[in-house]
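Below: upload29.txt (compact mmCIF, all heavy atoms)
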# COMPACT_ATOMS: atom_id res chain seq x y z
N MET A 143 0.85 -1.17 0.00
CA MET A 143 0.00 0.00 0.00
C MET A 143 0.90 1.23 0.00
O MET A 143 1.93 1.27 0.64
CB MET A 143 -0.89 -0.04 1.24
CG MET A 143 -2.09 0.83 1.15
SD MET A 143 -3.24 0.70 2.55
CE MET A 143 -3.84 -0.95 2.41
N SER A 144 0.49 2.24 -0.70
CA SER A 144 1.25 3.48 -0.83
C SER A 144 0.41 4.65 -0.33
O SER A 144 -0.78 4.74 -0.65
CB SER A 144 1.62 3.68 -2.29
OG SER A 144 1.94 5.02 -2.56
N LEU A 145 1.03 5.52 0.42
CA LEU A 145 0.32 6.69 0.92
C LEU A 145 -0.19 7.56 -0.22
O LEU A 145 -1.31 8.07 -0.16
CB LEU A 145 1.21 7.50 1.86
CG LEU A 145 0.58 8.78 2.42
CD1 LEU A 145 -0.67 8.46 3.22
CD2 LEU A 145 1.57 9.54 3.26
N VAL A 146 0.60 7.71 -1.25
CA VAL A 146 0.18 8.53 -2.39
C VAL A 146 -1.06 7.93 -3.04
O VAL A 146 -2.01 8.64 -3.36
CB VAL A 146 1.33 8.68 -3.41
CG1 VAL A 146 0.86 9.36 -4.68
CG2 VAL A 146 2.50 9.43 -2.80
N GLN A 147 -1.08 6.61 -3.20
CA GLN A 147 -2.24 5.95 -3.79
C GLN A 147 -3.47 6.09 -2.91
O GLN A 147 -4.57 6.34 -3.38
CB GLN A 147 -1.95 4.47 -4.06
CG GLN A 147 -3.05 3.78 -4.84
CD GLN A 147 -3.25 4.38 -6.22
OE1 GLN A 147 -2.28 4.63 -6.93
NE2 GLN A 147 -4.48 4.64 -6.59
N ILE A 148 -3.28 5.94 -1.61
CA ILE A 148 -4.39 6.13 -0.66
C ILE A 148 -4.95 7.54 -0.79
O ILE A 148 -6.16 7.74 -0.86
CB ILE A 148 -3.93 5.85 0.78
CG1 ILE A 148 -3.66 4.36 0.97
CG2 ILE A 148 -4.98 6.34 1.79
CD1 ILE A 148 -2.99 4.03 2.28
N TYR A 149 -4.07 8.53 -0.82
CA TYR A 149 -4.49 9.93 -0.93
C TYR A 149 -5.27 10.17 -2.22
O TYR A 149 -6.35 10.75 -2.21
CB TYR A 149 -3.28 10.85 -0.85
CG TYR A 149 -3.64 12.30 -0.99
CD1 TYR A 149 -4.13 13.02 0.10
CD2 TYR A 149 -3.52 12.96 -2.21
CE1 TYR A 149 -4.48 14.36 -0.03
CE2 TYR A 149 -3.86 14.29 -2.34
CZ TYR A 149 -4.34 14.98 -1.25
OH TYR A 149 -4.70 16.31 -1.39
N LEU A 150 -4.72 9.70 -3.33
CA LEU A 150 -5.38 9.91 -4.62
C LEU A 150 -6.74 9.22 -4.67
O LEU A 150 -7.71 9.80 -5.17
CB LEU A 150 -4.49 9.43 -5.76
CG LEU A 150 -3.23 10.26 -6.00
CD1 LEU A 150 -2.36 9.60 -7.06
CD2 LEU A 150 -3.57 11.68 -6.39
N ASP A 151 -6.83 8.00 -4.17
CA ASP A 151 -8.11 7.30 -4.14
C ASP A 151 -9.12 8.03 -3.25
O ASP A 151 -10.29 8.16 -3.59
CB ASP A 151 -7.93 5.86 -3.65
CG ASP A 151 -7.31 4.95 -4.69
OD1 ASP A 151 -7.27 5.33 -5.88
OD2 ASP A 151 -6.85 3.86 -4.31
N ALA A 152 -8.65 8.49 -2.10
CA ALA A 152 -9.54 9.19 -1.17
C ALA A 152 -10.07 10.48 -1.77
O ALA A 152 -11.25 10.79 -1.66
CB ALA A 152 -8.82 9.46 0.15
N VAL A 153 -9.21 11.23 -2.41
CA VAL A 153 -9.63 12.49 -3.03
C VAL A 153 -10.55 12.24 -4.22
O VAL A 153 -11.56 12.93 -4.38
CB VAL A 153 -8.40 13.33 -3.44
CG1 VAL A 153 -8.79 14.52 -4.28
CG2 VAL A 153 -7.63 13.78 -2.20
N THR A 154 -10.22 11.23 -5.01
CA THR A 154 -11.03 10.92 -6.19
C THR A 154 -12.42 10.45 -5.82
O THR A 154 -13.42 10.91 -6.37
CB THR A 154 -10.33 9.84 -7.04
OG1 THR A 154 -9.05 10.33 -7.45
CG2 THR A 154 -11.15 9.50 -8.27
N HIS A 155 -12.50 9.53 -4.86
CA HIS A 155 -13.78 8.93 -4.49
C HIS A 155 -14.45 9.61 -3.30
O HIS A 155 -15.58 9.28 -2.95
CB HIS A 155 -13.59 7.44 -4.18
CG HIS A 155 -13.03 6.67 -5.33
ND1 HIS A 155 -13.77 6.34 -6.45
CD2 HIS A 155 -11.79 6.18 -5.55
CE1 HIS A 155 -13.01 5.69 -7.29
NE2 HIS A 155 -11.81 5.57 -6.78
N GLN A 156 -13.75 10.52 -2.66
CA GLN A 156 -14.21 11.26 -1.48
C GLN A 156 -14.54 10.32 -0.32
O GLN A 156 -15.40 10.62 0.51
CB GLN A 156 -15.39 12.16 -1.82
CG GLN A 156 -15.03 13.23 -2.82
CD GLN A 156 -16.20 14.10 -3.19
OE1 GLN A 156 -17.34 13.68 -3.19
NE2 GLN A 156 -15.90 15.34 -3.53
N VAL A 157 -13.85 9.17 -0.29
CA VAL A 157 -14.03 8.18 0.77
C VAL A 157 -12.68 7.55 1.07
O VAL A 157 -11.90 7.28 0.16
CB VAL A 157 -15.02 7.06 0.34
CG1 VAL A 157 -15.09 5.96 1.38
CG2 VAL A 157 -16.39 7.63 0.09
N ILE A 158 -12.40 7.33 2.35
CA ILE A 158 -11.22 6.58 2.76
C ILE A 158 -11.70 5.42 3.62
O ILE A 158 -12.64 5.57 4.42
CB ILE A 158 -10.21 7.46 3.52
CG1 ILE A 158 -8.90 6.71 3.74
CG2 ILE A 158 -10.78 8.02 4.80
CD1 ILE A 158 -7.74 7.60 4.18
N THR A 159 -11.11 4.25 3.42
CA THR A 159 -11.55 3.07 4.17
C THR A 159 -10.85 3.01 5.53
O THR A 159 -9.82 3.64 5.74
CB THR A 159 -11.26 1.78 3.39
OG1 THR A 159 -9.84 1.61 3.29
CG2 THR A 159 -11.88 1.80 2.01
N ARG A 160 -11.42 2.24 6.41
CA ARG A 160 -10.82 2.05 7.74
C ARG A 160 -9.46 1.35 7.63
O ARG A 160 -8.56 1.66 8.41
CB ARG A 160 -11.77 1.27 8.64
CG ARG A 160 -13.03 2.03 8.96
CD ARG A 160 -13.86 1.38 10.04
NE ARG A 160 -15.14 2.03 10.21
CZ ARG A 160 -15.33 3.18 10.84
NH1 ARG A 160 -14.32 3.81 11.35
NH2 ARG A 160 -16.55 3.69 10.94
N ASP A 161 -9.32 0.44 6.69
CA ASP A 161 -8.02 -0.23 6.48
C ASP A 161 -6.96 0.77 6.05
O ASP A 161 -5.82 0.70 6.49
CB ASP A 161 -8.14 -1.34 5.44
CG ASP A 161 -8.93 -2.53 5.92
OD1 ASP A 161 -9.06 -2.71 7.16
OD2 ASP A 161 -9.43 -3.30 5.07
N GLU A 162 -7.33 1.70 5.18
CA GLU A 162 -6.38 2.73 4.74
C GLU A 162 -6.00 3.64 5.90
O GLU A 162 -4.83 4.00 6.05
CB GLU A 162 -6.97 3.52 3.57
CG GLU A 162 -7.11 2.70 2.31
CD GLU A 162 -7.95 3.36 1.24
OE1 GLU A 162 -8.77 4.24 1.55
OE2 GLU A 162 -7.78 2.95 0.08
N LEU A 163 -6.98 4.00 6.71
CA LEU A 163 -6.69 4.82 7.89
C LEU A 163 -5.76 4.08 8.85
O LEU A 163 -4.84 4.69 9.41
CB LEU A 163 -7.98 5.21 8.62
CG LEU A 163 -8.78 6.34 8.01
CD1 LEU A 163 -10.08 6.53 8.77
CD2 LEU A 163 -7.99 7.62 7.98
N ALA A 164 -5.97 2.79 9.01
CA ALA A 164 -5.12 1.99 9.88
C ALA A 164 -3.70 1.95 9.34
O ALA A 164 -2.72 2.04 10.10
CB ALA A 164 -5.67 0.58 10.02
N TYR A 165 -3.55 1.85 8.02
CA TYR A 165 -2.22 1.87 7.41
C TYR A 165 -1.52 3.20 7.69
O TYR A 165 -0.36 3.23 8.08
CB TYR A 165 -2.32 1.63 5.90
CG TYR A 165 -1.00 1.83 5.20
CD1 TYR A 165 -0.04 0.82 5.17
CD2 TYR A 165 -0.69 3.04 4.58
CE1 TYR A 165 1.18 1.02 4.54
CE2 TYR A 165 0.52 3.24 3.95
CZ TYR A 165 1.45 2.23 3.93
OH TYR A 165 2.66 2.43 3.32
N VAL A 166 -2.24 4.28 7.48
CA VAL A 166 -1.66 5.62 7.70
C VAL A 166 -1.25 5.78 9.16
O VAL A 166 -0.13 6.22 9.45
CB VAL A 166 -2.65 6.73 7.28
CG1 VAL A 166 -2.14 8.10 7.67
CG2 VAL A 166 -2.90 6.67 5.77
N ALA A 167 -2.12 5.41 10.07
CA ALA A 167 -1.82 5.55 11.50
C ALA A 167 -0.67 4.64 11.92
O ALA A 167 0.20 5.04 12.71
CB ALA A 167 -3.06 5.24 12.32
N GLY A 168 -0.64 3.43 11.39
CA GLY A 168 0.39 2.47 11.80
C GLY A 168 1.76 2.74 11.23
O GLY A 168 2.77 2.28 11.78
N ASN A 169 1.83 3.50 10.15
CA ASN A 169 3.11 3.76 9.49
C ASN A 169 3.54 5.21 9.55
O ASN A 169 4.54 5.59 8.95
CB ASN A 169 3.04 3.30 8.03
CG ASN A 169 2.89 1.82 7.92
OD1 ASN A 169 3.80 1.07 8.25
ND2 ASN A 169 1.73 1.37 7.50
N HIS A 170 2.81 6.02 10.27
CA HIS A 170 3.07 7.46 10.32
C HIS A 170 4.51 7.77 10.74
O HIS A 170 5.12 8.70 10.21
CB HIS A 170 2.07 8.15 11.24
CG HIS A 170 2.10 9.64 11.12
ND1 HIS A 170 2.87 10.42 11.93
CD2 HIS A 170 1.48 10.47 10.27
CE1 HIS A 170 2.71 11.69 11.58
NE2 HIS A 170 1.86 11.74 10.58
N ASP A 171 5.03 7.02 11.68
CA ASP A 171 6.40 7.27 12.16
C ASP A 171 7.46 7.02 11.10
O ASP A 171 8.57 7.55 11.20
CB ASP A 171 6.71 6.40 13.38
CG ASP A 171 5.86 6.78 14.58
OD1 ASP A 171 5.32 7.91 14.60
OD2 ASP A 171 5.73 5.95 15.49
N GLN A 172 7.14 6.25 10.08
CA GLN A 172 8.10 5.91 9.03
C GLN A 172 8.03 6.85 7.83
O GLN A 172 8.85 6.76 6.93
CB GLN A 172 7.89 4.47 8.58
CG GLN A 172 8.07 3.48 9.70
CD GLN A 172 7.60 2.10 9.33
OE1 GLN A 172 7.09 1.87 8.24
NE2 GLN A 172 7.76 1.17 10.25
N PHE A 173 7.04 7.73 7.81
CA PHE A 173 6.87 8.63 6.67
C PHE A 173 7.91 9.73 6.68
O PHE A 173 8.29 10.24 7.74
CB PHE A 173 5.48 9.27 6.68
CG PHE A 173 4.34 8.30 6.44
CD1 PHE A 173 3.08 8.60 6.90
CD2 PHE A 173 4.52 7.12 5.76
CE1 PHE A 173 2.02 7.74 6.68
CE2 PHE A 173 3.47 6.25 5.54
CZ PHE A 173 2.22 6.56 6.00
N ASP A 174 8.34 10.13 5.48
CA ASP A 174 9.25 11.27 5.38
C ASP A 174 8.43 12.56 5.49
O ASP A 174 7.21 12.54 5.65
CB ASP A 174 10.07 11.22 4.09
CG ASP A 174 9.22 11.29 2.81
OD1 ASP A 174 8.09 11.80 2.85
OD2 ASP A 174 9.72 10.84 1.77
N ARG A 175 9.10 13.70 5.41
CA ARG A 175 8.42 14.98 5.62
C ARG A 175 7.32 15.23 4.60
O ARG A 175 6.25 15.75 4.93
CB ARG A 175 9.43 16.12 5.58
CG ARG A 175 10.31 16.14 6.82
CD ARG A 175 11.35 17.21 6.75
NE ARG A 175 10.75 18.52 6.57
CZ ARG A 175 11.42 19.63 6.46
NH1 ARG A 175 12.74 19.62 6.54
NH2 ARG A 175 10.81 20.78 6.29
N THR A 176 7.56 14.87 3.36
CA THR A 176 6.55 15.06 2.32
C THR A 176 5.32 14.22 2.60
O THR A 176 4.18 14.69 2.47
CB THR A 176 7.13 14.70 0.94
OG1 THR A 176 8.30 15.51 0.70
CG2 THR A 176 6.12 14.93 -0.17
N GLU A 177 5.53 12.97 2.99
CA GLU A 177 4.41 12.08 3.31
C GLU A 177 3.66 12.57 4.54
O GLU A 177 2.43 12.46 4.62
CB GLU A 177 4.90 10.65 3.51
CG GLU A 177 5.40 10.01 2.23
CD GLU A 177 6.09 8.70 2.47
OE1 GLU A 177 6.87 8.60 3.44
OE2 GLU A 177 5.87 7.77 1.68
N GLN A 178 4.37 13.13 5.51
CA GLN A 178 3.71 13.67 6.70
C GLN A 178 2.83 14.87 6.33
O GLN A 178 1.74 15.03 6.88
CB GLN A 178 4.74 14.04 7.76
CG GLN A 178 5.37 12.83 8.39
CD GLN A 178 6.42 13.18 9.41
OE1 GLN A 178 6.79 14.33 9.57
NE2 GLN A 178 6.93 12.16 10.08
N LYS A 179 3.28 15.69 5.39
CA LYS A 179 2.46 16.81 4.93
C LYS A 179 1.22 16.31 4.20
O LYS A 179 0.13 16.86 4.35
CB LYS A 179 3.27 17.73 4.03
CG LYS A 179 4.31 18.53 4.77
CD LYS A 179 5.11 19.41 3.84
CE LYS A 179 6.20 20.14 4.59
NZ LYS A 179 7.00 20.98 3.71
N LEU A 180 1.39 15.25 3.42
CA LEU A 180 0.26 14.66 2.71
C LEU A 180 -0.74 14.07 3.71
O LEU A 180 -1.95 14.21 3.55
CB LEU A 180 0.77 13.57 1.77
CG LEU A 180 -0.18 13.07 0.70
CD1 LEU A 180 -0.66 14.20 -0.20
CD2 LEU A 180 0.51 11.99 -0.12
N THR A 181 -0.23 13.46 4.76
CA THR A 181 -1.09 12.93 5.81
C THR A 181 -1.85 14.06 6.50
O THR A 181 -3.05 13.92 6.80
CB THR A 181 -0.24 12.15 6.85
OG1 THR A 181 0.46 11.12 6.17
CG2 THR A 181 -1.11 11.56 7.93
N ALA A 182 -1.19 15.17 6.76
CA ALA A 182 -1.85 16.31 7.39
C ALA A 182 -2.96 16.86 6.49
O ALA A 182 -4.04 17.22 6.98
CB ALA A 182 -0.83 17.40 7.71
N ARG A 183 -2.71 16.90 5.20
CA ARG A 183 -3.73 17.38 4.26
C ARG A 183 -4.92 16.43 4.24
O ARG A 183 -6.08 16.85 4.22
CB ARG A 183 -3.12 17.52 2.86
CG ARG A 183 -4.11 17.95 1.81
CD ARG A 183 -4.62 19.35 2.05
NE ARG A 183 -5.54 19.72 0.99
CZ ARG A 183 -6.60 20.47 1.16
NH1 ARG A 183 -6.86 21.00 2.33
NH2 ARG A 183 -7.39 20.73 0.15
N LEU A 184 -4.64 15.14 4.25
CA LEU A 184 -5.70 14.14 4.28
C LEU A 184 -6.53 14.29 5.55
O LEU A 184 -7.77 14.25 5.52
CB LEU A 184 -5.09 12.74 4.20
CG LEU A 184 -6.02 11.56 4.02
CD1 LEU A 184 -6.88 11.72 2.78
CD2 LEU A 184 -5.21 10.28 3.94
N GLU A 185 -5.87 14.49 6.68
CA GLU A 185 -6.56 14.70 7.95
C GLU A 185 -7.46 15.93 7.89
O GLU A 185 -8.60 15.91 8.36
CB GLU A 185 -5.55 14.84 9.08
CG GLU A 185 -6.17 15.06 10.43
CD GLU A 185 -5.13 15.28 11.53
OE1 GLU A 185 -3.94 15.07 11.29
OE2 GLU A 185 -5.54 15.67 12.64
N GLN A 186 -6.96 16.98 7.28
CA GLN A 186 -7.74 18.21 7.16
C GLN A 186 -8.99 17.98 6.30
O GLN A 186 -10.09 18.43 6.65
CB GLN A 186 -6.89 19.31 6.55
CG GLN A 186 -7.61 20.63 6.37
CD GLN A 186 -6.76 21.66 5.65
OE1 GLN A 186 -5.86 21.31 4.89
NE2 GLN A 186 -7.05 22.92 5.88
N LEU A 187 -8.84 17.26 5.20
CA LEU A 187 -9.98 16.98 4.32
C LEU A 187 -11.04 16.13 5.02
O LEU A 187 -12.24 16.32 4.84
CB LEU A 187 -9.51 16.31 3.04
CG LEU A 187 -8.71 17.19 2.09
CD1 LEU A 187 -8.10 16.36 0.98
CD2 LEU A 187 -9.56 18.32 1.52
N ILE A 188 -10.58 15.20 5.85
CA ILE A 188 -11.51 14.37 6.61
C ILE A 188 -12.23 15.22 7.66
O ILE A 188 -13.45 15.13 7.82
CB ILE A 188 -10.78 13.18 7.26
CG1 ILE A 188 -10.29 12.21 6.18
CG2 ILE A 188 -11.69 12.46 8.25
CD1 ILE A 188 -9.31 11.16 6.68
N SER A 189 -11.49 16.07 8.34
CA SER A 189 -12.10 16.86 9.43
C SER A 189 -13.10 17.90 8.93
O SER A 189 -14.06 18.22 9.63
CB SER A 189 -11.01 17.54 10.27
OG SER A 189 -10.37 18.55 9.54
N ILE A 190 -12.92 18.42 7.72
CA ILE A 190 -13.90 19.38 7.19
C ILE A 190 -15.04 18.70 6.44
O ILE A 190 -15.98 19.37 6.00
CB ILE A 190 -13.24 20.45 6.29
CG1 ILE A 190 -12.62 19.83 5.05
CG2 ILE A 190 -12.24 21.27 7.06
CD1 ILE A 190 -12.12 20.85 4.03
N GLY A 191 -14.95 17.38 6.28
CA GLY A 191 -16.04 16.64 5.67
C GLY A 191 -15.95 16.44 4.18
O GLY A 191 -16.89 15.94 3.57
N SER A 192 -14.84 16.82 3.57
CA SER A 192 -14.67 16.60 2.14
C SER A 192 -14.45 15.13 1.81
O SER A 192 -14.78 14.68 0.72
CB SER A 192 -13.50 17.41 1.59
OG SER A 192 -13.77 18.78 1.66
N ILE A 193 -13.87 14.42 2.76
CA ILE A 193 -13.64 12.98 2.61
C ILE A 193 -14.29 12.30 3.81
O ILE A 193 -14.07 12.71 4.96
CB ILE A 193 -12.14 12.65 2.55
CG1 ILE A 193 -11.52 13.26 1.30
CG2 ILE A 193 -11.91 11.14 2.59
CD1 ILE A 193 -10.02 13.09 1.20
N SER A 194 -15.06 11.27 3.55
CA SER A 194 -15.70 10.55 4.64
C SER A 194 -15.05 9.17 4.81
O SER A 194 -14.39 8.67 3.91
CB SER A 194 -17.20 10.38 4.38
OG SER A 194 -17.42 9.67 3.19
N VAL A 195 -15.24 8.60 5.98
CA VAL A 195 -14.71 7.28 6.27
C VAL A 195 -15.81 6.27 5.98
O VAL A 195 -16.94 6.41 6.44
CB VAL A 195 -14.27 7.18 7.75
CG1 VAL A 195 -13.76 5.78 8.06
CG2 VAL A 195 -13.22 8.22 8.07
N GLY A 196 -15.49 5.28 5.17
CA GLY A 196 -16.48 4.29 4.80
C GLY A 196 -15.90 3.25 3.87
O GLY A 196 -14.72 2.90 3.99
N SER A 197 -16.69 2.80 2.94
CA SER A 197 -16.20 1.81 1.97
C SER A 197 -16.51 2.28 0.56
O SER A 197 -17.46 3.03 0.34
CB SER A 197 -16.84 0.45 2.25
OG SER A 197 -18.24 0.53 2.12
N ARG A 198 -15.68 1.82 -0.33
CA ARG A 198 -15.88 2.15 -1.74
C ARG A 198 -16.50 0.99 -2.45
O ARG A 198 -16.24 -0.11 -2.26
CB ARG A 198 -14.54 2.45 -2.43
CG ARG A 198 -13.99 3.74 -2.09
CD ARG A 198 -12.75 4.01 -2.94
NE ARG A 198 -11.83 4.73 -2.10
CZ ARG A 198 -10.74 4.25 -1.57
NH1 ARG A 198 -10.33 3.06 -1.84
NH2 ARG A 198 -10.00 4.97 -0.79
What would the structure in this file look like if it were written as structure tokens?
Amino acid sequence: MSLVQIYLDAVTHQVITRDELAYVAGNHDQFDRTEQKLTARLEQLISIGSISVGSR
């Protein structure tokens, strides 16, 4: 699984799965600075409601 792919799928479909969220949370410490910024953007989109948690 790739963070970039997760981000693109989430933005495209406006949904992120619980498995993808678990991957992001479980690997956050291993992400480089760019990936951490992407994670922060994803978190922001979820918190404002642009992306919902569910299934595709």
Calculate, to one decimal in Å, the centre and edge lengths of the box along x, y and z of the file that holds all listed atoms of range 156-173 of chain A with 4 Å of margin on each side, and present them as JSON.
{"center_x": -4.2, "center_y": 6.0, "center_z": 6.0, "size_x": 34.2, "size_y": 26.6, "size_z": 27.0}
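Shortest atom-to-atom contact with Val153 in chain A among A:Ser197, A:Gln178, A:Leu184, A:Ile190: A:Leu184, counting only C-alpha atoms.
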When DSSP works through the backbone of this structure, what residues of chain A end up as alpha helix (DSSP H), shown as a PyMOL selection string?
-> chain A and resi 145-155+160-169+175-189
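One distance worth recording is that between CA of His170 in chain A and CA of Ser189 in chain A, which is 17.9 Å.
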Which residues come within 6 Å of Ser192 in chain A, counting all atoms listed in the file, excluding same-chain residues fewer than 5 positions away, as an MDAnalysis selection string?
-> chainID A and resid 152 156:157 186:187
Students should find that CB of Arg183 in chain A and CA of Tyr149 in chain A are spaced 8.6 Å
Using all heavy atoms, pick whichever of A:Ile148, A:Val166, A:Met143, A:Ile158 has the shortest atom-to-atom distance to Thr181 in chain A.
-> A:Val166
OE2 of Glu177 in chain A to CG of Tyr165 in chain A, distance in Å rounded to a single decimal = 9.7 Å
Go through chain A and collect every residue that DSSP, computed from the backbone, puts in strand (DSSP E or B); the answer should be as a VMD selection string.
-> chain A and resid 157 to 158 194 to 195
Between A:Thr154, A:Glu185, A:Ile193, A:Ser144, smallest distance to Asn169 in chain A by only C-alpha atoms belongs to A:Ser144
Counting all heavy atoms, note down every residue that has an atom within 5 Å of the point (-12.0, 1.8, 1.8) (file coordinates), as a list in words.
->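 Here is the list of nearby residues: Ile158, Thr159, Arg160, Glu162, Gly196, Ser197 and Arg198 of chain A.
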